[in-house]
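**Q** Please find protein27.cif (mmCIF, C-alpha atoms) on the next line:
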```cif
data_entry
loop_
_atom_site.label_atom_id
_atom_site.label_comp_id
_atom_site.auth_asym_id
_atom_site.auth_seq_id
_atom_site.Cartn_x
_atom_site.Cartn_y
_atom_site.Cartn_z
CA MET A 1 -170.40 10.19 165.49
CA ALA A 2 -168.97 13.60 166.24
CA LYS A 3 -171.19 16.23 167.77
CA MET A 4 -171.96 18.71 164.99
CA ILE A 5 -172.90 22.09 166.42
CA ASP A 6 -173.64 23.97 163.22
CA ALA A 7 -175.71 23.08 160.16
CA ARG A 8 -174.20 21.32 157.17
CA PRO A 9 -172.54 23.95 154.94
CA SER A 10 -173.87 24.64 151.46
CA PHE A 11 -170.49 24.64 149.68
CA ARG A 12 -169.85 21.23 148.14
CA GLY A 13 -166.34 20.72 149.56
CA GLU A 14 -167.24 21.85 153.05
CA ALA A 15 -170.39 19.71 152.98
CA ARG A 16 -168.30 16.65 152.11
CA VAL A 17 -165.92 17.36 154.99
CA TRP A 18 -168.83 17.98 157.39
CA GLU A 19 -170.38 14.61 156.49
CA SER A 20 -167.07 12.77 156.92
CA LEU A 21 -166.30 14.40 160.26
CA GLU A 22 -169.76 13.54 161.55
CA ARG A 23 -169.53 9.94 160.36
CA LEU A 24 -165.90 9.11 161.19
CA LEU A 25 -165.09 10.92 164.43
CA PRO A 26 -166.06 9.74 167.92
CA ASP A 27 -168.80 11.28 170.08
CA SER A 28 -166.20 13.09 172.18
CA VAL A 29 -165.26 15.42 169.29
CA VAL A 30 -167.24 18.66 168.99
CA VAL A 31 -167.27 20.27 165.54
CA TYR A 32 -168.02 23.91 164.73
CA ASN A 33 -168.09 25.27 161.21
CA ASN A 34 -168.22 28.66 159.57
CA ARG A 35 -167.69 30.64 162.76
CA GLU A 36 -165.99 34.00 162.94
CA VAL A 37 -162.77 34.80 164.80
CA ASN A 38 -161.44 38.36 164.65
CA GLY A 39 -163.54 39.21 161.62
CA ARG A 40 -162.56 36.12 159.60
CA GLU A 41 -164.55 32.93 159.18
CA PHE A 42 -162.86 29.55 159.61
CA ASP A 43 -164.21 26.48 157.83
CA PHE A 44 -164.00 23.96 160.71
CA CYS A 45 -162.87 23.95 164.31
CA LEU A 46 -162.76 20.68 166.23
CA LEU A 47 -162.59 20.45 170.00
CA ILE A 48 -160.85 17.14 170.68
CA GLU A 49 -161.12 15.98 174.26
CA GLY A 50 -157.77 15.40 175.92
CA ILE A 51 -155.85 16.69 172.89
CA GLY A 52 -156.78 20.25 171.96
CA VAL A 53 -158.30 22.25 169.14
CA LEU A 54 -157.93 21.65 165.40
CA VAL A 55 -158.70 24.28 162.77
CA ILE A 56 -159.27 22.97 159.22
CA GLU A 57 -159.23 25.11 156.09
CA VAL A 58 -161.12 23.43 153.23
CA LYS A 59 -160.35 24.00 149.56
CA GLY A 60 -162.84 22.32 147.23
CA TRP A 61 -160.45 22.49 144.29
CA LEU A 62 -160.09 19.87 141.56
CA ALA A 63 -156.57 18.71 140.69
CA ASP A 64 -156.92 19.35 136.97
CA LYS A 65 -157.97 22.95 137.68
CA VAL A 66 -154.97 23.82 139.90
CA ILE A 67 -151.51 25.08 138.94
CA VAL A 68 -149.12 25.74 141.83
CA GLU A 69 -146.61 28.41 140.85
CA GLY A 70 -145.51 29.04 144.43
CA VAL A 71 -146.67 28.83 148.02
CA ASP A 72 -148.66 32.04 147.70
CA ARG A 73 -149.43 31.83 143.99
CA ILE A 74 -151.90 29.08 143.24
CA LEU A 75 -153.85 29.42 140.01
CA VAL A 76 -157.31 27.87 140.20
CA GLU A 77 -159.42 27.73 137.05
CA GLY A 78 -162.60 29.73 137.53
CA LEU A 79 -161.14 32.09 140.13
CA ASP A 80 -160.07 35.54 139.00
CA ALA A 81 -157.01 36.03 141.19
CA PRO A 82 -154.20 33.69 142.24
CA GLN A 83 -154.91 32.06 145.58
CA ARG A 84 -152.67 32.35 148.60
CA SER A 85 -151.54 29.46 150.75
CA PRO A 86 -154.46 27.74 152.50
CA LYS A 87 -151.97 26.49 155.12
CA LYS A 88 -151.08 30.08 155.99
CA GLN A 89 -154.79 30.87 156.12
CA ALA A 90 -155.40 27.99 158.55
CA ARG A 91 -152.41 29.08 160.62
CA MET A 92 -153.82 32.61 160.84
CA TYR A 93 -157.12 31.21 162.18
CA ARG A 94 -155.17 29.04 164.59
CA PHE A 95 -153.37 32.00 166.16
CA ALA A 96 -156.49 34.19 166.16
CA LEU A 97 -158.37 31.45 168.01
CA LEU A 98 -155.52 30.79 170.42
CA ASN A 99 -155.16 34.50 171.20
CA GLN A 100 -158.90 34.83 171.80
CA ILE A 101 -158.92 31.83 174.16
CA LYS A 102 -155.89 33.19 176.03
CA ALA A 103 -157.43 36.64 176.38
CA THR A 104 -160.84 35.34 177.45
CA TYR A 105 -159.96 32.36 179.67
CA ASN A 106 -156.25 32.86 180.45
CA VAL A 107 -155.37 29.35 179.23
CA SER A 108 -153.25 28.16 176.32
CA PRO A 109 -154.59 24.93 174.86
CA CYS A 110 -152.88 23.03 172.04
CA VAL A 111 -154.26 24.47 168.81
CA PHE A 112 -153.35 22.80 165.53
CA ASP A 113 -154.15 23.66 161.92
CA MET A 114 -154.62 21.57 158.79
CA VAL A 115 -155.70 21.95 155.18
CA CYS A 116 -158.26 19.69 153.52
CA TYR A 117 -158.64 19.02 149.80
CA PRO A 118 -161.80 16.86 149.72
CA PHE A 119 -161.71 16.27 145.94
CA ILE A 120 -157.97 15.76 145.50
CA SER A 121 -156.31 12.38 146.05
CA ARG A 122 -152.96 12.02 147.81
CA ALA A 123 -151.28 11.28 144.44
CA GLU A 124 -152.90 14.33 142.81
CA TYR A 125 -151.81 16.44 145.79
CA ARG A 126 -148.21 15.47 145.10
CA ASN A 127 -148.47 15.71 141.29
CA THR A 128 -149.96 19.22 141.35
CA ARG A 129 -147.24 20.29 143.84
CA LEU A 130 -149.70 21.19 146.57
CA ASP A 131 -147.14 19.45 148.78
CA ILE A 132 -145.09 22.68 148.73
CA VAL A 133 -148.15 24.58 149.99
CA SER A 134 -149.05 22.34 152.93
CA GLU A 135 -146.99 19.56 154.49
CA GLU A 136 -148.41 16.11 153.88
CA ARG A 137 -148.79 15.31 157.58
CA PHE A 138 -150.92 18.44 158.02
CA THR A 139 -153.04 17.83 154.93
CA ILE A 140 -156.27 15.87 154.58
CA CYS A 141 -156.99 14.44 151.12
CA ARG A 142 -159.94 12.67 149.52
CA GLU A 143 -158.95 9.20 150.81
CA ASP A 144 -158.73 10.47 154.38
CA LEU A 145 -162.41 11.45 154.27
CA GLU A 146 -163.43 7.93 153.28
CA ASP A 147 -162.07 5.99 156.25
#
```
Go through the file and emit its structure as structure tokens.

**A**
Amino acid sequence: MAKMIDARPSFRGEARVWESLERLLPDSVVVYNNREVNGREFDFCLLIEGIGVLVIEVKGWLADKVIVEGVDRILVEGLDAPQRSPKKQARMYRFALLNQIKATYNVSPCVFDMVCYPFISRAEYRNTRLDIVSEERFTICREDLED
């Protein structure tokens, strides 16, 4: 079980991811969630021994509520404005974190970023065209949280 530093989030999607990370990852992985970097709050940051740092942006969307019109124009039922790319959001956190580590400790670890759709299957991800928003190899879907 991963070492969870922060409490389980209250948002349903983030809570699902938190539970899966705790259950599926080894003891050597340290997980932070909902921490602030340069005035913005990331969803998850994993410190992976011998590998680096992984930032995960979680979107608790449902496939039948999402229409992808473009990378930065994602219509989500129930949200007032079109959503921008969660991959770009994760990438922004990645560079903010990397810059902060470099400035503070004068080191440059490997920092990766991914997007997670905890309620969207891999097939739904492709069918809704979320595959143009985040590359499949950098995207975690519902099945990935199960095993």

**Q** Which distance in Å separates atom CA of Asp144 of chain A and atom CA of Tyr117 of chain A, to one decimal?

**A**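 Computed distance, atom CA of Asp144 of chain A to atom CA of Tyr117 of chain A, equals 9.7 Å.
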
**Q** For the structure provided, state which residues fall under the PyMOL selection byres ((chain A and resi 92) around 12), and present them as a VMD selection string.

**A** chain A and resid 37 to 42 55 to 57 85 to 91 93 to 99 111 to 114

**Q** May I ask which of the residues A:Ala123, A:Val115, A:Cys45, A:Ala81 is the closest one to Arg137 of chain A, counting all atoms listed in the file?

**A**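 Smallest separation from Arg137 of chain A among the options: A:Val115.
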
**Q** Could you tell me how far atom CA of Cys141 of chain A sits from atom CA of Leu24 of chain A, in Å to one decimal place?

**A**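 Distance between the two atoms: 14.5 Å.
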
**Q** Quick check on the file I pasted: which residues fall under the PyMOL selection byres ((chain A and resi 130) around 10)? Write them as a tab-separated table (two decimals) with C-alpha atoms, in the frame of the given file.

**A**
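File written: expr-v4.tsv
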```tsv
chain	number	residue	atom	x	y	z
A	63	ALA	CA	-156.57	18.71	140.69
A	66	VAL	CA	-154.97	23.82	139.90
A	67	ILE	CA	-151.51	25.08	138.94
A	68	VAL	CA	-149.12	25.74	141.83
A	69	GLU	CA	-146.61	28.41	140.85
A	70	GLY	CA	-145.51	29.04	144.43
A	71	VAL	CA	-146.67	28.83	148.02
A	74	ILE	CA	-151.90	29.08	143.24
A	85	SER	CA	-151.54	29.46	150.75
A	117	TYR	CA	-158.64	19.02	149.80
A	120	ILE	CA	-157.97	15.76	145.50
A	122	ARG	CA	-152.96	12.02	147.81
A	124	GLU	CA	-152.90	14.33	142.81
A	125	TYR	CA	-151.81	16.44	145.79
A	126	ARG	CA	-148.21	15.47	145.10
A	127	ASN	CA	-148.47	15.71	141.29
A	128	THR	CA	-149.96	19.22	141.35
A	129	ARG	CA	-147.24	20.29	143.84
A	131	ASP	CA	-147.14	19.45	148.78
A	132	ILE	CA	-145.09	22.68	148.73
A	133	VAL	CA	-148.15	24.58	149.99
A	134	SER	CA	-149.05	22.34	152.93
A	135	GLU	CA	-146.99	19.56	154.49
A	136	GLU	CA	-148.41	16.11	153.88
A	139	THR	CA	-153.04	17.83	154.93
```

**Q** Could you spell out the hits of the PyMOL selection byres ((chain A and resi 50) around 12) on the shown file, as a PyMOL selection string?

**A** chain A and resi 28-29+47-49+51-53+109-110

**Q** Find the distance between atom CA of Ala2 of chain A and atom CA of Ala15 of chain A and write it in Å to one decimal.

**A** 14.7 Å

**Q** With all atoms listed in the file as the counted atoms, please give the residues lying no more than 12 Å from Ile5 of chain A, apart from itself and same-chain residues fewer than 6 positions off, as a count of residues only.

**A** 14

**Q** For Gly60 of chain A, which residue among A:Lys3, A:Lys102, A:Arg8, A:Arg16 is the nearest when counting all atoms listed in the file?

**A**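 Ranked by minimum distance to Gly60 of chain A, first place goes to A:Arg16.
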
**Q** In terms of the shortest atom-to-atom distance over all atoms listed in the file, which of A:Pro9, A:Pro82, A:Pro26, A:Pro118 is closest to Leu62 of chain A?

**A** A:Pro118

**Q** Between A:Lys65, A:Gln100, A:Phe138, A:Asn106, single out the one closest to Glu36 of chain A, counting only C-alpha atoms.

**A**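 When distances to Glu36 of chain A are compared using only C-alpha atoms, the smallest one comes from A:Gln100.
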
**Q** Is it possible to add N, CA, C and O atoms to segment 34-48 of chain A and hand it back as a short mmCIF file (atom, residue, chain, number, x, y, z; two decimals), in the frame of the given file?

**A**
```cif
data_model
loop_
_atom_site.label_atom_id
_atom_site.label_comp_id
_atom_site.auth_asym_id
_atom_site.auth_seq_id
_atom_site.Cartn_x
_atom_site.Cartn_y
_atom_site.Cartn_z
N ASN A 34 -167.86 27.33 160.04
CA ASN A 34 -168.22 28.66 159.57
C ASN A 34 -168.52 29.63 160.72
O ASN A 34 -169.51 30.34 160.70
N ARG A 35 -167.61 29.68 161.66
CA ARG A 35 -167.69 30.64 162.76
C ARG A 35 -166.63 31.71 162.56
O ARG A 35 -165.60 31.49 161.94
N GLU A 36 -166.87 32.86 163.14
CA GLU A 36 -165.99 34.00 162.94
C GLU A 36 -165.04 34.18 164.13
O GLU A 36 -165.45 34.07 165.28
N VAL A 37 -163.79 34.46 163.81
CA VAL A 37 -162.77 34.80 164.80
C VAL A 37 -162.04 36.03 164.28
O VAL A 37 -161.49 36.00 163.18
N ASN A 38 -162.09 37.11 165.04
CA ASN A 38 -161.44 38.36 164.65
C ASN A 38 -161.80 38.81 163.23
O ASN A 38 -160.94 39.20 162.44
N GLY A 39 -163.07 38.71 162.90
CA GLY A 39 -163.54 39.21 161.62
C GLY A 39 -163.33 38.28 160.44
O GLY A 39 -163.64 38.63 159.31
N ARG A 40 -162.78 37.09 160.68
CA ARG A 40 -162.56 36.12 159.60
C ARG A 40 -163.25 34.81 159.96
O ARG A 40 -163.26 34.41 161.12
N GLU A 41 -163.76 34.14 158.95
CA GLU A 41 -164.55 32.93 159.18
C GLU A 41 -163.75 31.68 158.85
O GLU A 41 -163.33 31.49 157.71
N PHE A 42 -163.54 30.82 159.87
CA PHE A 42 -162.86 29.55 159.61
C PHE A 42 -163.85 28.56 159.04
O PHE A 42 -165.06 28.70 159.19
N ASP A 43 -163.33 27.51 158.39
CA ASP A 43 -164.21 26.48 157.83
C ASP A 43 -164.64 25.49 158.92
O ASP A 43 -165.83 25.27 159.11
N PHE A 44 -163.68 24.91 159.64
CA PHE A 44 -164.00 23.96 160.71
C PHE A 44 -163.08 24.16 161.89
O PHE A 44 -161.90 24.46 161.73
N CYS A 45 -163.64 23.94 163.07
CA CYS A 45 -162.87 23.95 164.31
C CYS A 45 -163.36 22.76 165.12
O CYS A 45 -164.55 22.65 165.42
N LEU A 46 -162.43 21.87 165.48
CA LEU A 46 -162.76 20.68 166.23
C LEU A 46 -162.20 20.79 167.63
O LEU A 46 -161.02 21.12 167.80
N LEU A 47 -163.04 20.53 168.61
CA LEU A 47 -162.59 20.45 170.00
C LEU A 47 -162.42 18.96 170.29
O LEU A 47 -163.39 18.19 170.28
N ILE A 48 -161.17 18.56 170.52
CA ILE A 48 -160.85 17.14 170.68
C ILE A 48 -160.44 16.90 172.13
O ILE A 48 -159.36 17.33 172.56
#
```
